[in-house]
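Colleague: Got a structure here, written out as structure tokens. Questions coming.
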Amino acid sequence: MVNPKMEYEGMSGAFIWEDEGLWEVRNRHLSNAFKYVIHHRMRMVARLDEDEEVLRSKKFDQKIFEMAKKYFPNWIGFDASRCSYNPELADRMIRIRKVAHWRCEKLFNEEF
């Protein structure tokens with residue numbers, strides 16, 4: 001795929017590309033484990049250093065990331081372009097996350 005679409009995955013608070021095949025995986029345990037992988041990857045790409053959104057440590061996500069990379073070394077999501085700091089992509093991710101958080105807060109604060 002020449003220019004795969006990137007989208008925000010709300011449960012992990014991170015991003016996936018449409019060609020990564022994560023949500024087509026029939027094993028929900030595997031796709032759940034990859035939520036930690038993509039969250040750690042987003043931290044690397046955007047150089048984020050926050051823990052306020054998650055109930056686990058950065059170290060945990062990093063260990064899961066390393067384990068996944070060991071067992072799935074050819075997964076397109078581990079391509080250097082998707083795991084390295086990129087200022088343009090970082091800016092885009094941060095803006096998308098802010099909008100997603102704003103929408104979530106708005107939804108939770110609506111009166112029924």
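Order determines the names: the first chain of the structure tokens is A, the second B, and so forth; residues in each chain are numbered 1 upward, and ligands are numbered 1 upward as they are shown.
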Using DSSP assignments from the backbone, pull out every residue in chain A that falls under strand (DSSP E) and give it to me as a CSV table (one decimal) with C-alpha atoms, in the first residue's frame.
Modeller:
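The file below, result-v2.csv, is the result:
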```csv
chain,number,residue,atom,x,y,z
A,6,MET,CA,-3.5,6.3,9.8
A,7,GLU,CA,-6.3,6.3,12.4
A,8,TYR,CA,-6.7,6.9,16.1
A,9,GLU,CA,-7.6,3.8,18.2
A,14,ALA,CA,-2.7,5.4,20.0
A,15,PHE,CA,-2.6,5.1,16.2
A,16,ILE,CA,-2.7,2.3,13.7
A,17,TRP,CA,-2.2,2.2,10.0
```
Colleague: Would you compute the distance between CA of Glu88 (chain A) and CA of Met42 (chain A)? Give it in Å to one decimal.
Modeller: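 For CA of Glu88 (chain A) relative to CA of Met42 (chain A), the distance reads 13.0 Å.
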Colleague: So, with only C-alpha atoms as the atoms that count, which of A:Arg82, A:Arg97, A:Lys5, A:Arg92 lies closest to Ile38 (chain A)?
Modeller: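 Of all the options, A:Arg82 lies closest to Ile38 (chain A).
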Colleague: Name the closest residue to Lys58 (chain A) among the candidates A:Arg95, A:Ala90, A:Glu24, A:Met44; distances are taken between atoms, counting only C-alpha atoms.
Modeller: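 Answer, going by the shortest atom-to-atom distance: A:Met44.
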Colleague: Can you work out the spacing between CA of Asn74 (chain A) and CA of Ser12 (chain A) in Å, to one decimal?
Modeller: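 Rounded to one decimal, the two atoms are 22.0 Å apart.
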Colleague: A:Arg47, A:Phe65, A:Trp102, A:His39: which is nearest Phe78 (chain A), counting only C-alpha atoms?
Modeller: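 Closest to Phe78 (chain A), using only C-alpha atoms: A:Phe65.
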Colleague: Given only C-alpha atoms as the basis, pick out the residue of A:Ala33, A:Met93, A:Met11, A:Leu107 nearest to Met67 (chain A).
Modeller: A:Ala33
Colleague: With distances taken over only C-alpha atoms, which residue among A:Glu66, A:Val45, A:Phe60, A:His101 lies nearest Ala80 (chain A)?
Modeller: A:Val45
Colleague: Kindly give the distance, in Å, that separates CA of Trp23 (chain A) and CA of Lys35 (chain A), rounded to a single decimal.
Modeller: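 A separation of 10.5 Å between them.
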Colleague: Give me the residues within 9 Å of Asp19 (chain A) as a list of chain:residue names, counting only C-alpha atoms and dropping any in the same chain fewer than 6 places off.
Modeller: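 So the residues in contact are A:Met1, A:Pro4, A:Lys5, A:Ile76, A:Gly77.
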Colleague: Output N, CA, C and O atoms of each residue in that selection to a file, as a compact mmCIF listing (two decimals), in the first residue's frame.
Modeller:
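Output file part34.txt follows:
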```txt
# COMPACT_ATOMS: atom_id res chain seq x y z
N MET A 1 0.85 -1.17 0.00
CA MET A 1 0.00 0.00 0.00
C MET A 1 0.90 1.24 0.00
O MET A 1 1.77 1.37 0.85
N PRO A 4 -0.79 4.34 3.26
CA PRO A 4 -1.87 3.83 4.09
C PRO A 4 -2.41 4.89 5.05
O PRO A 4 -1.67 5.75 5.53
N LYS A 5 -3.69 4.80 5.31
CA LYS A 5 -4.36 5.75 6.19
C LYS A 5 -4.02 5.43 7.65
O LYS A 5 -4.02 4.28 8.07
N ILE A 76 4.72 -5.05 9.70
CA ILE A 76 4.93 -3.74 9.08
C ILE A 76 4.90 -2.60 10.11
O ILE A 76 5.53 -1.56 9.92
N GLY A 77 4.23 -2.80 11.21
CA GLY A 77 4.17 -1.79 12.26
C GLY A 77 5.50 -1.52 12.95
O GLY A 77 5.65 -0.52 13.63
```
Colleague: For a quick check of understanding, using only C-alpha atoms, which of A:Lys98, A:Lys106, A:Arg56, A:His40 has the smallest distance to Lys69 (chain A)?
Modeller: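 Of A:Lys98, A:Lys106, A:Arg56, A:His40, the one nearest Lys69 (chain A), counting only C-alpha atoms, is A:His40.
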Colleague: Run DSSP on the backbone and tell me which residues of region 13-44 of chain A come out as alpha helix (DSSP H); list them as a list of chain:residue names.
Modeller: A:Arg28, A:His29, A:Leu30, A:Ser31, A:Asn32, A:Ala33, A:Phe34, A:Lys35, A:Tyr36, A:Val37, A:Ile38, A:His39, A:His40, A:Arg41, A:Met42, A:Arg43, A:Met44
